[in-house]
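Asks: Contents of coords04.csv (CSV, C-alpha atoms) are given next:
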```
chain,number,residue,atom,x,y,z
A,30,MET,CA,119.6,112.9,77.5
A,31,SER,CA,117.9,109.6,76.7
A,32,ILE,CA,119.9,106.4,77.4
A,33,MET,CA,119.9,103.9,74.5
A,34,PRO,CA,118.5,100.5,75.5
A,35,ASP,CA,121.1,97.9,76.0
A,36,THR,CA,119.0,95.0,77.2
A,37,LEU,CA,115.6,93.5,76.1
A,38,ILE,CA,113.6,91.7,78.8
A,39,LYS,CA,111.0,89.2,77.5
A,40,LEU,CA,108.4,88.0,80.0
A,41,ALA,CA,105.4,85.7,79.6
A,42,GLY,CA,102.2,87.4,80.7
A,43,ARG,CA,101.3,91.1,81.2
A,44,HIS,CA,103.4,93.0,83.7
A,45,ALA,CA,102.7,96.6,84.8
A,46,PRO,CA,105.6,99.1,84.3
A,47,GLN,CA,105.4,99.8,88.1
A,48,ALA,CA,105.8,96.1,89.0
A,49,LEU,CA,108.8,95.7,86.7
A,50,ARG,CA,110.4,99.0,87.9
A,51,LEU,CA,109.9,97.8,91.5
A,52,ALA,CA,111.5,94.4,90.9
A,53,LEU,CA,114.5,95.9,89.1
A,54,GLY,CA,114.8,98.6,91.8
A,55,ALA,CA,115.4,95.8,94.4
A,56,VAL,CA,118.6,94.8,92.6
A,57,LEU,CA,119.8,98.0,90.8
A,58,SER,CA,120.4,101.4,92.4
A,59,PRO,CA,118.4,104.4,91.1
A,60,GLU,CA,121.7,105.5,89.5
A,61,GLN,CA,122.0,102.3,87.6
A,62,LEU,CA,118.4,102.0,86.4
A,63,GLY,CA,118.5,104.6,83.5
A,64,THR,CA,115.5,103.9,81.3
A,65,LEU,CA,112.7,101.3,81.2
A,66,ASP,CA,110.2,101.1,78.3
A,67,VAL,CA,107.6,98.5,79.0
A,68,LEU,CA,105.5,97.1,76.1
A,69,HIS,CA,102.5,94.7,76.0
A,70,ALA,CA,101.9,92.5,73.0
A,71,ASP,CA,98.6,93.4,71.2
A,72,GLY,CA,96.4,90.3,71.6
A,73,ALA,CA,98.9,88.1,73.4
A,74,GLU,CA,100.1,87.6,77.0
A,75,LEU,CA,103.6,88.8,76.5
A,76,THR,CA,105.6,91.7,77.9
A,77,TYR,CA,108.8,93.1,76.4
A,78,ALA,CA,110.8,95.8,78.2
A,79,TYR,CA,113.8,97.8,76.9
A,80,LEU,CA,116.2,98.5,79.7
A,81,GLY,CA,119.0,101.1,79.4
A,82,LEU,CA,121.4,101.1,82.3
A,83,ALA,CA,123.0,104.4,83.4
A,84,ALA,CA,126.7,104.8,83.7
A,85,ASP,CA,128.2,104.4,87.1
A,86,ALA,CA,129.5,107.6,88.7
A,87,GLY,CA,133.1,108.2,87.5
A,88,ARG,CA,132.7,105.9,84.5
A,89,GLU,CA,132.2,107.0,80.9
A,90,SER,CA,129.7,104.3,80.0
A,91,ALA,CA,127.6,101.6,81.5
A,92,ASN,CA,128.7,97.9,81.2
A,93,PRO,CA,125.3,96.2,81.1
A,94,ASP,CA,126.8,92.8,80.0
A,95,THR,CA,128.7,92.1,83.2
A,96,ALA,CA,127.7,88.8,84.7
A,97,ALA,CA,126.8,90.4,88.0
A,98,GLN,CA,124.4,92.9,86.4
A,99,ARG,CA,122.9,90.3,84.2
A,100,ASP,CA,122.4,87.9,87.1
A,101,ALA,CA,120.8,90.6,89.2
A,102,VAL,CA,118.3,91.6,86.5
A,103,LEU,CA,117.5,87.9,85.8
A,104,ARG,CA,116.9,87.3,89.5
A,105,ALA,CA,114.6,90.3,89.7
A,106,CYS,CA,112.6,89.1,86.6
A,107,VAL,CA,112.2,85.5,87.9
A,108,GLY,CA,110.0,86.9,90.6
A,109,LEU,CA,107.6,88.1,87.9
A,110,CYS,CA,107.9,85.2,85.4
A,111,PRO,CA,109.4,81.8,85.9
A,112,GLN,CA,111.4,81.8,82.7
A,113,PRO,CA,112.4,85.4,81.7
A,114,GLU,CA,114.7,85.9,78.8
A,115,LEU,CA,117.3,88.7,78.6
A,116,VAL,CA,118.9,89.7,75.3
A,117,GLY,CA,121.8,92.1,75.2
A,118,LEU,CA,121.3,94.7,72.4
A,119,GLN,CA,123.6,96.7,70.2
A,120,CYS,CA,122.0,99.5,68.2
A,121,THR,CA,123.2,99.3,64.6
A,122,LEU,CA,120.8,101.9,62.9
A,123,ASP,CA,118.9,104.7,64.5
A,124,LEU,CA,116.5,106.8,62.3
A,125,PRO,CA,114.0,109.5,63.1
A,126,GLY,CA,110.7,108.8,61.3
A,127,HIS,CA,108.3,110.9,59.3
A,128,SER,CA,106.3,111.6,62.5
A,129,ALA,CA,109.3,112.0,64.9
A,130,GLY,CA,108.4,114.0,67.9
A,131,ASN,CA,104.8,112.6,68.1
A,132,CYS,CA,103.7,110.4,70.9
A,133,ALA,CA,104.2,106.8,69.9
A,134,GLU,CA,101.7,104.5,71.6
A,135,TRP,CA,102.4,101.5,69.3
A,136,HIS,CA,105.7,99.6,68.8
A,137,TYR,CA,106.3,97.0,66.1
A,138,ILE,CA,109.2,94.5,66.4
A,139,VAL,CA,110.5,92.1,63.8
A,140,GLU,CA,112.9,89.5,65.3
A,141,THR,CA,114.7,87.2,62.9
A,142,ASP,CA,117.8,85.2,62.1
A,143,VAL,CA,119.1,85.2,58.5
A,144,ARG,CA,121.0,82.5,56.6
A,145,PRO,CA,124.8,83.3,56.7
A,146,GLN,CA,125.2,83.4,53.0
A,147,ALA,CA,122.5,86.2,52.7
A,148,GLU,CA,123.6,88.3,55.7
A,149,ASP,CA,125.5,91.0,53.7
A,150,ASP,CA,122.6,91.4,51.3
A,151,PHE,CA,120.2,91.4,54.3
A,152,ASN,CA,122.1,94.2,56.1
A,153,ALA,CA,122.5,96.3,52.9
A,154,TRP,CA,118.7,96.0,52.2
A,155,TYR,CA,117.7,96.9,55.8
A,156,ASN,CA,120.1,99.8,56.0
A,157,THR,CA,119.7,101.4,52.6
A,158,GLU,CA,116.1,100.5,51.5
A,159,HIS,CA,113.8,98.8,54.0
A,160,MET,CA,114.3,100.7,57.3
A,161,PRO,CA,114.7,104.2,55.7
A,162,GLY,CA,111.6,103.4,53.6
A,163,LEU,CA,109.5,102.4,56.7
A,164,ALA,CA,110.8,105.3,58.7
A,165,ALA,CA,109.5,107.7,56.0
A,166,VAL,CA,106.0,106.3,56.2
A,167,PRO,CA,103.6,108.9,57.8
A,168,GLY,CA,102.8,107.7,61.3
A,169,THR,CA,106.3,106.2,61.9
A,170,ALA,CA,108.0,108.1,64.7
A,171,TRP,CA,111.3,106.2,65.0
A,172,ALA,CA,113.0,103.2,63.5
A,173,ARG,CA,115.9,101.2,65.0
A,174,ARG,CA,117.9,98.1,64.3
A,175,TYR,CA,119.6,96.1,67.0
A,176,LEU,CA,121.9,93.1,67.0
A,177,GLY,CA,121.0,90.7,69.8
A,178,THR,CA,123.2,88.4,71.9
A,179,ALA,CA,120.8,85.4,71.5
A,180,ALA,CA,118.7,84.0,68.7
A,181,PRO,CA,117.0,85.5,66.9
A,182,ARG,CA,119.9,87.9,66.5
A,183,HIS,CA,118.4,90.7,64.4
A,184,TYR,CA,115.8,93.1,65.7
A,185,ALA,CA,114.0,95.8,63.7
A,186,ALA,CA,111.8,98.1,65.9
A,187,TYR,CA,109.4,100.8,64.9
A,188,ASP,CA,107.7,103.4,67.1
A,189,LEU,CA,104.3,104.2,65.6
A,190,ALA,CA,102.4,107.4,66.3
A,191,SER,CA,99.5,105.8,64.6
A,192,ARG,CA,98.5,102.1,64.5
A,193,GLU,CA,97.1,102.8,61.0
A,194,ALA,CA,100.7,103.4,59.7
A,195,PHE,CA,101.3,99.7,59.9
A,196,GLY,CA,99.7,98.2,56.8
A,197,SER,CA,99.0,101.5,55.1
A,198,GLU,CA,99.6,101.9,51.4
A,199,PRO,CA,103.1,103.4,51.8
A,200,TRP,CA,104.1,100.8,54.4
A,201,VAL,CA,103.0,97.9,52.1
A,202,ALA,CA,104.8,99.5,49.1
A,203,VAL,CA,108.1,99.5,51.0
A,204,ARG,CA,107.6,95.8,51.9
A,205,ALA,CA,106.7,94.9,48.3
A,206,THR,CA,110.0,95.7,46.5
A,207,ASP,CA,111.9,93.3,44.4
A,208,TRP,CA,114.8,93.5,46.9
A,209,SER,CA,112.4,92.6,49.7
A,210,SER,CA,111.2,89.6,47.8
A,211,ARG,CA,114.8,88.4,47.3
A,212,VAL,CA,115.9,88.9,50.9
A,213,ARG,CA,112.8,87.7,52.9
A,214,PRO,CA,113.1,83.9,52.0
A,215,ASN,CA,116.4,83.9,53.9
A,216,PHE,CA,114.7,84.7,57.2
A,217,TYR,CA,114.2,82.0,59.8
A,218,ASN,CA,113.3,81.9,63.5
A,219,THR,CA,111.2,84.9,62.7
A,220,ARG,CA,108.6,86.6,65.0
A,221,ARG,CA,106.6,89.7,64.2
A,222,THR,CA,104.8,91.4,67.1
A,223,MET,CA,102.8,94.6,67.5
A,224,PHE,CA,103.1,96.0,71.0
A,225,ARG,CA,101.3,98.8,72.8
A,226,ARG,CA,102.7,101.0,75.6
A,227,PRO,CA,100.4,100.6,78.7
```
The structure given in the file should be rewritten as structure tokens.
Replies:
Amino acid sequence: MSIMPDTLIKLAGRHAPQALRLALGAVLSPEQLGTLDVLHADGAELTYAYLGLAADAGRESANPDTAAQRDAVLRACVGLCPQPELVGLQCTLDLPGHSAGNCAEWHYIVETDVRPQAEDDFNAWYNTEHMPGLAAVPGTAWARRYLGTAAPRHYAAYDLASREAFGSEPWVAVRATDWSSRVRPNFYNTRRTMFRRP
């Protein structure tokens, strides 16, 4: 069974999955290191990695937010990048896409904060129109929303079986609704990045 990511690691530069796994293996036991999904930004020197920590033996769930685990992961990452960033993640929406089951080489992430007065409308839009619409686009394998522990707080992540899904006519149609036009001006601290799995 796949372990849901509970931490996002952000590193300047390009770091091989093997190098990151080796660094984390120095501070986490094989039993603790559940899943690691490493991504390289397309056209930028930036690595993101989703980390899912496995439950300790005899415990029902992992507790990835303990200070000791966080410090250990941070120390491991400092050896790769002088100023790594760790963001705790809580999944709030998890949708299989039109192309679920296909290999997803591409991964698109939108990170943003939203003005407090617009947050209810923003969440309703994402959960009922925007993310289900993008999940239904041919070429989208999976779509997830996360709430992060540091700004920007909101993450929307899309596994793409095809790079062409992004910007396709159905994708653009989902982005061009009246509700989208009303919600989007309330975004700030926004970053949109296309990643590729090495």
Asks: Using CA of Arg221 in chain A and CA of Ile138 in chain A as the two end points, give the distance in Å to one decimal.
Replies: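 So the two atoms, CA of Arg221 in chain A and CA of Ile138 in chain A, lie 5.9 Å apart.
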Asks: Using all atoms listed in the file, can you tell me which of A:Ala205, A:Ile38, A:Leu80, A:Val143 comes closest to Pro113 in chain A?
Replies: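 Looking only at the distances to Pro113 in chain A, the closest residue turns out to be A:Ile38.
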Asks: Just how far from CA of Ala165 in chain A is CA of Ala78 in chain A, in Å to one decimal?
Replies: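 Separating CA of Ala78 in chain A from CA of Ala165 in chain A is a distance of 25.2 Å.
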Asks: Pick from A:Ala164, A:Leu115, A:Ala73, A:Ala147: nearest to Gly177 in chain A, with only C-alpha atoms counted?
Replies: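 Comparing A:Ala164, A:Leu115, A:Ala73, A:Ala147 against Gly177 in chain A, the winner is A:Leu115.
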Asks: Could you check which of A:Leu57, A:Val212, A:Ala96, A:Leu118 is closest to Thr36 in chain A, using only C-alpha atoms?
Replies: A:Leu118
Asks: For Tyr217 in chain A, which of A:His159, A:Arg182, A:Arg144, A:Arg173 is the closest residue, counting all atoms listed in the file?
Replies: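 Under the stated criterion, the closest residue is A:Arg144.
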Asks: Could you state the separation of CA of Gln119 in chain A and CA of Ser197 in chain A in Å, given to one decimal place?
Replies: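 Taking CA of Gln119 in chain A and CA of Ser197 in chain A, their separation equals 29.3 Å.
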Asks: Near Arg220 in chain A, counting all atoms listed in the file, which residues have an atom at most 10 Å away, once you skip same-chain residues fewer than 2 positions from it, shown as a PyMOL selection string?
Replies: chain A and resi 138-142+181+184+217-218+222
Asks: Give the answer as one residue: which of A:Met160, A:Ala52, A:Val166, A:Phe195 has the shortest atom-to-atom distance to Phe224 in chain A, using all atoms listed in the file?
Replies: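 Closest to Phe224 in chain A of all the choices is A:Phe195.
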Asks: Could you list, as a PyMOL selection string, every residue within 12 Å of Asp150 in chain A, counting all atoms listed in the file and ignoring same-chain residues fewer than 5 positions away?
Replies: chain A and resi 143-145+155-159+208-209+211-213+215-216
Asks: From the list A:Pro161, A:Pro227, A:Pro111, A:Gly126, which residue is nearest Ala194 in chain A when using only C-alpha atoms?
Replies: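 Between A:Pro161, A:Pro227, A:Pro111, A:Gly126, the residue approaching Ala194 in chain A most closely is A:Gly126.
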Asks: With all atoms listed in the file as the counted atoms, please give the residues lying no more than 12 Å from Val107 in chain A, apart from itself and same-chain residues fewer than 2 positions off, as a ChimeraX atom specification.
Replies: /A:38-41,49,52-53,100-105,109-115
Asks: Which protein, DNA or RNA residues are at most 9 Å from (99.4, 103.1, 63.1) in the file's coordinates when you count only C-alpha atoms, listed as a PyMOL selection string?
Replies: chain A and resi 134-135+167-169+189-197
Asks: Using all atoms listed in the file, give me every residue within 12 Å of (113.1, 105.9, 81.4) in file coordinates, as a ChimeraX atom specification.
Replies: /A:30-34,46-47,50,59-67,78-83
Asks: Would you save the residues of that selection, restricted to C-alpha atoms, as a compact mmCIF listing (two decimals), in the coordinates of the input?
Replies:
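Output contents, as saved in again.txt:
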```
# COMPACT_ATOMS: atom_id res chain seq x y z
CA MET A 30 119.60 112.90 77.50
CA SER A 31 117.90 109.60 76.70
CA ILE A 32 119.90 106.40 77.40
CA MET A 33 119.90 103.90 74.50
CA PRO A 34 118.50 100.50 75.50
CA PRO A 46 105.60 99.10 84.30
CA GLN A 47 105.40 99.80 88.10
CA ARG A 50 110.40 99.00 87.90
CA PRO A 59 118.40 104.40 91.10
CA GLU A 60 121.70 105.50 89.50
CA GLN A 61 122.00 102.30 87.60
CA LEU A 62 118.40 102.00 86.40
CA GLY A 63 118.50 104.60 83.50
CA THR A 64 115.50 103.90 81.30
CA LEU A 65 112.70 101.30 81.20
CA ASP A 66 110.20 101.10 78.30
CA VAL A 67 107.60 98.50 79.00
CA ALA A 78 110.80 95.80 78.20
CA TYR A 79 113.80 97.80 76.90
CA LEU A 80 116.20 98.50 79.70
CA GLY A 81 119.00 101.10 79.40
CA LEU A 82 121.40 101.10 82.30
CA ALA A 83 123.00 104.40 83.40
```
Asks: Got a sec: who's within 10 Å of Asp71 in chain A, counting all atoms listed in the file, leaving out chain neighbours fewer than 2 positions off, as a ChimeraX atom specification?
Replies: /A:68-69,73-76,135-137,222-226
